[in-house]
Amino acid sequence: MKTWFARMTWAGCVWLAATASLFAQQGLKDIPNPDPEIERKSLQVADGFEVNLYAADPRIAKPIQMNFDAAGRLWIASSEIYPQIQPGQKANDKILIVEDTDGDGTADKTTVFADGLLIPTGIEPGDGGAYVANSTEIIHLRDTDGDGKADSRRVMLSGFGTEDTHHIIHTFRWGVDGALYFNQSVYIHSHVETPHGVKRLGGGGIWRFRPETMELDIFCRGFVNPWGHQQDEWGQSFVTDGAYGEGINYVFPGSVWVTAPGAPRIVKGLNPGSPKHCGLEIVGGRHLPDDWQGDMLTNDFRGHRVCRFKISEDQSGYASREMPELIKTAHVAFRPIDVKMGPDGAIYIADWYNPIIQHGEVDFRDPRRDHTHGRIWRVTAKGRPLVPRPQLVTATNEKLIDSLDLPEQYTRTRARRLLRERALSSSSARAEILAKLGEAAGPGLVFSGYFPLGSRIGEDYRLELLWTYKALREPEYELLPKLLKAKNHRTRAAAIRALVEWRAVVPAIDALQEAVADEHPRVRLEAIRALALIPSRRAVELALKALDKPVDSNLDFALWQTARDLQAVWLPALQKDEFHFNRNVNHLLFALQAVNTP
């Protein structure tokens, strides 16, 4: 009864908040002056920080997502048509490239890289151009003649759903493994044909795509409208949801979230009752203060705030605590929807700038909807030197490998990306890069402990090298075993991701036997979910050995899901009296309860 009452109370609060927001927008008559300076003066910035206008209309309009390339240029998916194209209207949305050519912290050049698009909601530079979410398609745009504008367009994948334009595929992000991750939301049903078969996702979730092999799979299922995804340096994923209220969400392989169709169990977010959030970035780098390192930034677009969360480890997962905002304002058109760390170490915020938001609250064609303005704000720490802009595009392969040891995730991600692209260009380039990686890895070195970034013998640097091998799809037989035994539990957990991906050529199950008994619960969590990908009775036996150690909510879910994933292997054998879970009745009962069979 108490649980029912609590749920009804929470639902009532959500309904009241939505109703209040609806009436507030319906009655809005005081449309603010769109002068960017008026808006800037209204922004209240955290102590020790300052904000400047990086780019604004008319150079840009309606930024939906942004990402930097290896040259430090900011690519923007811009849609003036959103939320709906009108009858007879020409589809002319754009991909923009914004540059600060003189390094003064303000963009002075804007290039229309592509136009004629229909509500592009994702953009990620790569492979000589950019990958773009263009409604039902992922397209790759390239400039082949050097004039700065796309003249080549390739449809990579199509068949993504389009039932609701603020739920179509979005949030493009290169992962530490070299794959392109992107999200879709609850009202979308996608049926995508690939060379490896048709892939389907009904409702929300996160996709993972490898352009070089055209492999597409589902990383996780669920969420309402997840417009934020970022991975930390150990490959752990965190997500925000623009239409649900649990703040930061820790996503591990196989986790299932609210709204996933038919899901009997779901994982919960880290901040129950938190407002809806859009975008996500992890703070890091030499420019920002020490007490901000590892914090997460996301946007309360309804509340006109850029929020900060402090993340700490909690058993197999994490805890999240909201801190004072990075930015807050009473300006009703300030709509932060994306946030990124820039190549100079500053924080960049995409401001969609609109007094009217959402679909269901006001008419799609309400004249108060703004279709022309938009801003990019740049936040810096007072009195702290900026990071020298890395010269990655012209760097040698050896220099790029050295860059994997720098504190800025922007630099490490883009250096790894360039190494991957160069390796794909020719067999000789690939051979050279692999040789240089081998030299940097120092296969004869035995780890003596954890060293901070900036030390070439540290585990962190070796993990970055391992991510690069993964991006190159090149199993590394000497570095991986060392990282599986690293002193830092985060490194051990991360190494399992590589182990399971290389399980066809690396003896994975023996290593996982040790990992499932690891002293740290997150290593056990990764091992449990890795074993779910190995269809054998031994795999399920090993996974359930985690029950012999303390089990928190994440581990309980992971074990439950793994027992279900492998039931086709063990359940028929159990019914034939050919399999007995090592005669452990607790393991047997857990597995039977997981698959819900009498």
# chains A, B, ... in the order shown; residues from 1 in each chain; ligands from 1
>>> residues_around(residues="Thr162 in chain A", least_positions_apart="5", cutoff="8 Å", atoms="only C-alpha atoms", output="PDB file with all heavy atoms, in the first residue's frame")
ATOM      1  N   SER A 135      17.085  12.420 -39.967  1.00  0.00           N
ATOM      2  CA  SER A 135      15.761  11.817 -39.807  1.00  0.00           C
ATOM      3  C   SER A 135      15.855  10.288 -39.758  1.00  0.00           C
ATOM      4  O   SER A 135      16.324   9.741 -38.777  1.00  0.00           O
ATOM      5  CB  SER A 135      14.813  12.298 -40.904  1.00  0.00           C
ATOM      6  OG  SER A 135      14.605  13.693 -40.776  1.00  0.00           O
ATOM      7  N   THR A 136      15.488   9.591 -40.810  1.00  0.00           N
ATOM      8  CA  THR A 136      15.463   8.123 -40.794  1.00  0.00           C
ATOM      9  C   THR A 136      16.786   7.490 -41.206  1.00  0.00           C
ATOM     10  O   THR A 136      16.890   6.268 -41.263  1.00  0.00           O
ATOM     11  CB  THR A 136      14.375   7.600 -41.752  1.00  0.00           C
ATOM     12  OG1 THR A 136      14.698   8.014 -43.088  1.00  0.00           O
ATOM     13  CG2 THR A 136      13.010   8.139 -41.371  1.00  0.00           C
ATOM     14  N   HIS A 167      12.300  12.512 -30.874  1.00  0.00           N
ATOM     15  CA  HIS A 167      12.716  11.197 -30.394  1.00  0.00           C
ATOM     16  C   HIS A 167      13.550  10.441 -31.426  1.00  0.00           C
ATOM     17  O   HIS A 167      14.032   9.348 -31.140  1.00  0.00           O
ATOM     18  CB  HIS A 167      11.490  10.358 -30.031  1.00  0.00           C
ATOM     19  CG  HIS A 167      10.894  10.718 -28.708  1.00  0.00           C
ATOM     20  ND1 HIS A 167      10.185   9.820 -27.943  1.00  0.00           N
ATOM     21  CD2 HIS A 167      10.900  11.875 -28.001  1.00  0.00           C
ATOM     22  CE1 HIS A 167       9.779  10.413 -26.819  1.00  0.00           C
ATOM     23  NE2 HIS A 167      10.196  11.655 -26.842  1.00  0.00           N
ATOM     24  N   ILE A 168      13.704  10.978 -32.633  1.00  0.00           N
ATOM     25  CA  ILE A 168      14.483  10.285 -33.661  1.00  0.00           C
ATOM     26  C   ILE A 168      15.948  10.165 -33.218  1.00  0.00           C
ATOM     27  O   ILE A 168      16.366  10.781 -32.246  1.00  0.00           O
ATOM     28  CB  ILE A 168      14.369  10.997 -35.023  1.00  0.00           C
ATOM     29  CG1 ILE A 168      14.773  12.482 -34.909  1.00  0.00           C
ATOM     30  CG2 ILE A 168      12.959  10.877 -35.568  1.00  0.00           C
ATOM     31  CD1 ILE A 168      14.666  13.258 -36.210  1.00  0.00           C
ATOM     32  N   ILE A 188      10.012   5.724 -30.930  1.00  0.00           N
ATOM     33  CA  ILE A 188      10.607   5.354 -32.211  1.00  0.00           C
ATOM     34  C   ILE A 188      10.702   3.829 -32.334  1.00  0.00           C
ATOM     35  O   ILE A 188      11.055   3.125 -31.375  1.00  0.00           O
ATOM     36  CB  ILE A 188      12.007   5.980 -32.341  1.00  0.00           C
ATOM     37  CG1 ILE A 188      11.904   7.512 -32.300  1.00  0.00           C
ATOM     38  CG2 ILE A 188      12.686   5.526 -33.624  1.00  0.00           C
ATOM     39  CD1 ILE A 188      11.014   8.122 -33.354  1.00  0.00           C
ATOM     40  N   HIS A 189      10.412   3.336 -33.532  1.00  0.00           N
ATOM     41  CA  HIS A 189      10.555   1.913 -33.849  1.00  0.00           C
ATOM     42  C   HIS A 189      11.418   1.805 -35.100  1.00  0.00           C
ATOM     43  O   HIS A 189      11.025   2.254 -36.177  1.00  0.00           O
ATOM     44  CB  HIS A 189       9.192   1.264 -34.078  1.00  0.00           C
ATOM     45  CG  HIS A 189       8.337   1.266 -32.845  1.00  0.00           C
ATOM     46  ND1 HIS A 189       7.656   2.388 -32.421  1.00  0.00           N
ATOM     47  CD2 HIS A 189       8.074   0.286 -31.938  1.00  0.00           C
ATOM     48  CE1 HIS A 189       7.003   2.101 -31.303  1.00  0.00           C
ATOM     49  NE2 HIS A 189       7.235   0.837 -30.996  1.00  0.00           N
TER      50      HIS A 189
END
>>> residues_around(residues="Gly247 in chain A", least_positions_apart="2", cutoff="7 Å", atoms="only C-alpha atoms", output="PyMOL selection string")
chain A and resi 240+245+249+269-272+274-277
>>> select_by_dssp(residues="range 186-362 of chain A", states="strand (DSSP E)", output="VMD selection string")
chain A and resid 189 to 194 197 to 202 205 to 210 215 to 221 228 to 231 237 to 240 249 to 251 278 to 282 296 to 300 305 to 314 317 to 328 336 to 341 347 to 351
>>> closest_residue(among="A:Phe301, A:Phe334, A:Tyr181, A:Phe309", to="Glu39 in chain A", atoms="only C-alpha atoms")
A:Phe334
>>> residues_around(residues="Lys549 in chain A", least_positions_apart="3", cutoff="8 Å", atoms="only C-alpha atoms", output="PyMOL selection string")
chain A and resi 517+545-546
>>> write_last_selection(atoms="N, CA, C and O atoms", output="short mmCIF file (atom, residue, chain, number, x, y, z; two decimals), in the first residue's frame")
data_model
loop_
_atom_site.label_atom_id
_atom_site.label_comp_id
_atom_site.auth_asym_id
_atom_site.auth_seq_id
_atom_site.Cartn_x
_atom_site.Cartn_y
_atom_site.Cartn_z
N ALA A 517 35.56 -13.57 -9.42
CA ALA A 517 35.87 -13.66 -8.00
C ALA A 517 36.73 -12.48 -7.53
O ALA A 517 37.28 -12.51 -6.43
N LYS A 545 28.84 -17.85 -9.56
CA LYS A 545 29.77 -17.87 -8.44
C LYS A 545 29.88 -16.49 -7.78
O LYS A 545 30.31 -16.38 -6.61
N ALA A 546 29.45 -15.44 -8.50
CA ALA A 546 29.44 -14.10 -7.90
C ALA A 546 28.49 -14.03 -6.71
O ALA A 546 28.61 -13.14 -5.86
#
>>> residues_around(residues="range 493-498 of chain A", least_positions_apart="3", cutoff="7 Å", atoms="only C-alpha atoms", output="VMD selection string")
chain A and resid 234 to 235 470 480 483 to 484 489 to 490 501 to 502 522 to 523 526 to 527
>>> residues_around(residues="Trp570 in chain A", least_positions_apart="6", cutoff="10 Å", atoms="only C-alpha atoms", output="PDB file with N, CA and C atoms, in the first residue's frame")
ATOM      1  N   PRO A 535      28.075 -18.664 -24.855  1.00  0.00           N
ATOM      2  CA  PRO A 535      26.971 -19.627 -24.686  1.00  0.00           C
ATOM      3  C   PRO A 535      27.466 -21.013 -24.274  1.00  0.00           C
ATOM      4  N   SER A 536      27.751 -21.164 -22.989  1.00  0.00           N
ATOM      5  CA  SER A 536      28.195 -22.464 -22.489  1.00  0.00           C
ATOM      6  C   SER A 536      27.710 -22.642 -21.063  1.00  0.00           C
ATOM      7  N   ARG A 537      27.589 -23.887 -20.620  1.00  0.00           N
ATOM      8  CA  ARG A 537      27.168 -24.167 -19.252  1.00  0.00           C
ATOM      9  C   ARG A 537      28.211 -23.664 -18.258  1.00  0.00           C
ATOM     10  N   ARG A 538      29.469 -23.774 -18.637  1.00  0.00           N
ATOM     11  CA  ARG A 538      30.512 -23.299 -17.732  1.00  0.00           C
ATOM     12  C   ARG A 538      30.387 -21.796 -17.491  1.00  0.00           C
ATOM     13  N   ALA A 539      29.975 -21.053 -18.529  1.00  0.00           N
ATOM     14  CA  ALA A 539      29.836 -19.605 -18.388  1.00  0.00           C
ATOM     15  C   ALA A 539      28.791 -19.254 -17.337  1.00  0.00           C
ATOM     16  N   VAL A 540      27.648 -19.932 -17.362  1.00  0.00           N
ATOM     17  CA  VAL A 540      26.607 -19.623 -16.380  1.00  0.00           C
ATOM     18  C   VAL A 540      27.030 -20.084 -14.986  1.00  0.00           C
ATOM     19  N   GLU A 541      27.735 -21.196 -14.893  1.00  0.00           N
ATOM     20  CA  GLU A 541      28.244 -21.639 -13.593  1.00  0.00           C
ATOM     21  C   GLU A 541      29.201 -20.609 -13.006  1.00  0.00           C
ATOM     22  N   ALA A 563      21.607 -15.013 -16.354  1.00  0.00           N
ATOM     23  CA  ALA A 563      20.901 -16.295 -16.273  1.00  0.00           C
ATOM     24  C   ALA A 563      19.823 -16.392 -17.348  1.00  0.00           C
ATOM     25  N   ARG A 564      19.147 -15.292 -17.610  1.00  0.00           N
ATOM     26  CA  ARG A 564      18.122 -15.271 -18.668  1.00  0.00           C
ATOM     27  C   ARG A 564      18.751 -15.360 -20.054  1.00  0.00           C
ATOM     28  N   GLU A 578      21.171 -33.191 -16.687  1.00  0.00           N
ATOM     29  CA  GLU A 578      22.545 -33.228 -17.193  1.00  0.00           C
ATOM     30  C   GLU A 578      23.383 -32.054 -16.666  1.00  0.00           C
ATOM     31  N   PHE A 579      22.761 -31.188 -15.871  1.00  0.00           N
ATOM     32  CA  PHE A 579      23.459 -29.979 -15.420  1.00  0.00           C
ATOM     33  C   PHE A 579      22.934 -29.626 -14.035  1.00  0.00           C
ATOM     34  N   HIS A 580      23.852 -29.306 -13.087  1.00  0.00           N
ATOM     35  CA  HIS A 580      23.430 -29.194 -11.694  1.00  0.00           C
ATOM     36  C   HIS A 580      24.022 -27.994 -10.956  1.00  0.00           C
ATOM     37  N   PHE A 581      24.573 -26.990 -11.669  1.00  0.00           N
ATOM     38  CA  PHE A 581      25.126 -25.809 -11.002  1.00  0.00           C
ATOM     39  C   PHE A 581      26.101 -26.182  -9.890  1.00  0.00           C
ATOM     40  N   ALA A 591      18.946 -18.960 -10.466  1.00  0.00           N
ATOM     41  CA  ALA A 591      18.752 -19.101 -11.907  1.00  0.00           C
ATOM     42  C   ALA A 591      17.301 -19.400 -12.250  1.00  0.00           C
TER      43      ALA A 591
END
>>> atom_distance(atom1="CA of Ala558 in chain A", atom2="CA of Arg529 in chain A")
6.3 Å
>>> atom_distance(atom1="CA of Ala179 in chain A", atom2="CA of Ala471 in chain A")
7.3 Å
>>> closest_residue(among="A:Leu157, A:Val51, A:Val186, A:Leu434", to="Leu419 in chain A", atoms="only C-alpha atoms")
A:Leu434
>>> closest_atom_pairs(of="range 400-444 of chain A", to="range 72-80 of chain A", cutoff="10 Å", atoms="only C-alpha atoms", output="JSON lines")
{"residue": "A:Tyr410", "atom": "CA", "partner": "A:Gly72", "partner_atom": "CA", "distance": 9.5}
{"residue": "A:Thr411", "atom": "CA", "partner": "A:Gly72", "partner_atom": "CA", "distance": 9.7}
{"residue": "A:Arg414", "atom": "CA", "partner": "A:Gly72", "partner_atom": "CA", "distance": 9.7}
>>> atom_distance(atom1="CA of Glu398 in chain A", atom2="CA of Lys436 in chain A")
6.4 Å
>>> residues_around(residues="Arg286 in chain A", least_positions_apart="6", cutoff="8 Å", atoms="only C-alpha atoms", output="JSON list (two decimals) with N, CA and C atoms, in the first residue's frame")
[["chain", "number", "residue", "atom", "x", "y", "z"],
["A", 345, "GLY", "N", 40.42, 23.39, -23.54],
["A", 345, "GLY", "CA", 40.13, 23.09, -22.15],
["A", 345, "GLY", "C", 38.94, 23.81, -21.59],
["A", 386, "LEU", "N", 44.76, 28.48, -20.37],
["A", 386, "LEU", "CA", 44.08, 27.55, -21.26],
["A", 386, "LEU", "C", 45.05, 26.45, -21.70],
["A", 387, "VAL", "N", 44.50, 25.39, -22.20],
["A", 387, "VAL", "CA", 45.32, 24.29, -22.73],
["A", 387, "VAL", "C", 45.80, 24.68, -24.12],
["A", 407, "PRO", "N", 46.10, 14.73, -20.30],
["A", 407, "PRO", "CA", 44.93, 14.69, -19.42],
["A", 407, "PRO", "C", 43.60, 14.97, -20.10],
["A", 408, "GLU", "N", 43.61, 15.64, -21.25],
["A", 408, "GLU", "CA", 42.35, 16.06, -21.87],
["A", 408, "GLU", "C", 41.73, 14.94, -22.68]]
>>> residues_around(residues="Ala423 in chain A", least_positions_apart="3", cutoff="12 Å", atoms="only C-alpha atoms", output="list of chain:residue names")
A:Asp127, A:Glu212, A:Asn397, A:Arg416, A:Arg417, A:Leu418, A:Leu419, A:Arg420, A:Ser426, A:Ser427, A:Ser428, A:Ala429, A:Arg430, A:Ala431, A:Glu432, A:Ile433, A:Leu434, A:Ala435, A:Lys436, A:Leu437, A:Thr468, A:Tyr469, A:Ala471, A:Leu472, A:Arg473, A:Glu474
>>> write_last_selection(atoms="N, CA, C and O atoms", output="short mmCIF file (atom, residue, chain, number, x, y, z; two decimals), in the first residue's frame")
data_model
loop_
_atom_site.label_atom_id
_atom_site.label_comp_id
_atom_site.auth_asym_id
_atom_site.auth_seq_id
_atom_site.Cartn_x
_atom_site.Cartn_y
_atom_site.Cartn_z
N ASP A 127 36.33 10.07 -40.49
CA ASP A 127 36.53 9.39 -41.78
C ASP A 127 36.47 10.37 -42.95
O ASP A 127 35.81 10.10 -43.96
N GLU A 212 33.34 0.83 -40.41
CA GLU A 212 34.24 0.10 -41.29
C GLU A 212 33.76 -1.30 -41.60
O GLU A 212 34.11 -1.88 -42.64
N ASN A 397 52.53 9.77 -36.41
CA ASN A 397 51.88 8.68 -35.67
C ASN A 397 52.46 8.56 -34.27
O ASN A 397 51.72 8.33 -33.29
N ARG A 416 43.28 9.12 -31.00
CA ARG A 416 42.95 7.71 -31.28
C ARG A 416 42.15 7.60 -32.58
O ARG A 416 42.35 6.67 -33.37
N ARG A 417 41.26 8.56 -32.79
CA ARG A 417 40.45 8.55 -34.00
C ARG A 417 41.33 8.70 -35.25
O ARG A 417 41.14 8.00 -36.26
N LEU A 418 42.29 9.61 -35.20
CA LEU A 418 43.18 9.81 -36.34
C LEU A 418 44.03 8.58 -36.59
O LEU A 418 44.26 8.20 -37.75
N LEU A 419 44.50 7.93 -35.54
CA LEU A 419 45.28 6.70 -35.72
C LEU A 419 44.44 5.63 -36.40
O LEU A 419 44.94 4.93 -37.29
N ARG A 420 43.19 5.52 -36.01
CA ARG A 420 42.31 4.55 -36.64
C ARG A 420 42.11 4.86 -38.11
O ARG A 420 42.18 3.97 -38.97
N SER A 426 45.80 2.42 -45.47
CA SER A 426 46.68 1.52 -46.22
C SER A 426 47.27 0.48 -45.27
O SER A 426 47.36 0.70 -44.06
N SER A 427 47.70 -0.63 -45.83
CA SER A 427 48.29 -1.69 -45.01
C SER A 427 49.63 -1.24 -44.44
O SER A 427 49.99 -1.63 -43.31
N SER A 428 50.37 -0.42 -45.18
CA SER A 428 51.67 0.05 -44.67
C SER A 428 51.48 1.00 -43.49
O SER A 428 52.24 0.95 -42.51
N ALA A 429 50.48 1.88 -43.59
CA ALA A 429 50.20 2.79 -42.48
C ALA A 429 49.77 2.00 -41.24
O ALA A 429 50.19 2.30 -40.12
N ARG A 430 48.96 0.98 -41.46
CA ARG A 430 48.52 0.15 -40.33
C ARG A 430 49.70 -0.54 -39.67
O ARG A 430 49.80 -0.60 -38.43
N ALA A 431 50.60 -1.08 -40.48
CA ALA A 431 51.77 -1.78 -39.94
C ALA A 431 52.64 -0.84 -39.13
O ALA A 431 53.14 -1.20 -38.05
N GLU A 432 52.82 0.38 -39.62
CA GLU A 432 53.64 1.36 -38.89
C GLU A 432 53.00 1.72 -37.55
O GLU A 432 53.67 1.77 -36.51
N ILE A 433 51.70 1.95 -37.56
CA ILE A 433 51.00 2.33 -36.33
C ILE A 433 51.06 1.20 -35.31
O ILE A 433 51.31 1.43 -34.12
N LEU A 434 50.84 -0.02 -35.75
CA LEU A 434 50.90 -1.16 -34.83
C LEU A 434 52.30 -1.32 -34.25
O LEU A 434 52.46 -1.65 -33.06
N ALA A 435 53.32 -1.07 -35.06
CA ALA A 435 54.70 -1.16 -34.55
C ALA A 435 54.95 -0.10 -33.49
O ALA A 435 55.55 -0.38 -32.45
N LYS A 436 54.49 1.12 -33.74
CA LYS A 436 54.67 2.21 -32.77
C LYS A 436 53.88 1.94 -31.49
O LYS A 436 54.36 2.24 -30.39
N LEU A 437 52.68 1.39 -31.63
CA LEU A 437 51.89 1.04 -30.45
C LEU A 437 52.61 -0.02 -29.62
O LEU A 437 52.62 0.04 -28.38
N THR A 468 43.09 1.91 -28.18
CA THR A 468 43.51 2.13 -29.58
C THR A 468 43.58 0.81 -30.33
O THR A 468 43.15 0.72 -31.49
N TYR A 469 44.09 -0.23 -29.70
CA TYR A 469 44.07 -1.56 -30.33
C TYR A 469 42.62 -1.98 -30.63
O TYR A 469 42.34 -2.56 -31.68
N ALA A 471 40.08 0.04 -31.19
CA ALA A 471 39.59 0.86 -32.30
C ALA A 471 40.12 0.34 -33.63
O ALA A 471 39.43 0.42 -34.66
N LEU A 472 41.32 -0.23 -33.61
CA LEU A 472 41.92 -0.80 -34.82
C LEU A 472 41.45 -2.23 -35.06
O LEU A 472 41.81 -2.83 -36.07
N ARG A 473 40.66 -2.78 -34.12
CA ARG A 473 40.18 -4.16 -34.20
C ARG A 473 41.37 -5.13 -34.32
O ARG A 473 41.37 -6.05 -35.12
N GLU A 474 42.34 -4.89 -33.46
CA GLU A 474 43.57 -5.67 -33.48
C GLU A 474 43.81 -6.25 -32.08
O GLU A 474 44.24 -5.54 -31.17
#
>>> select_by_dssp(residues="range 320-538 of chain A", states="helix (DSSP H, G or I)", output="VMD selection string")
chain A and resid 397 to 403 409 to 425 427 to 441 459 to 471 479 to 484 489 to 501 508 to 515 521 to 531 537 to 538
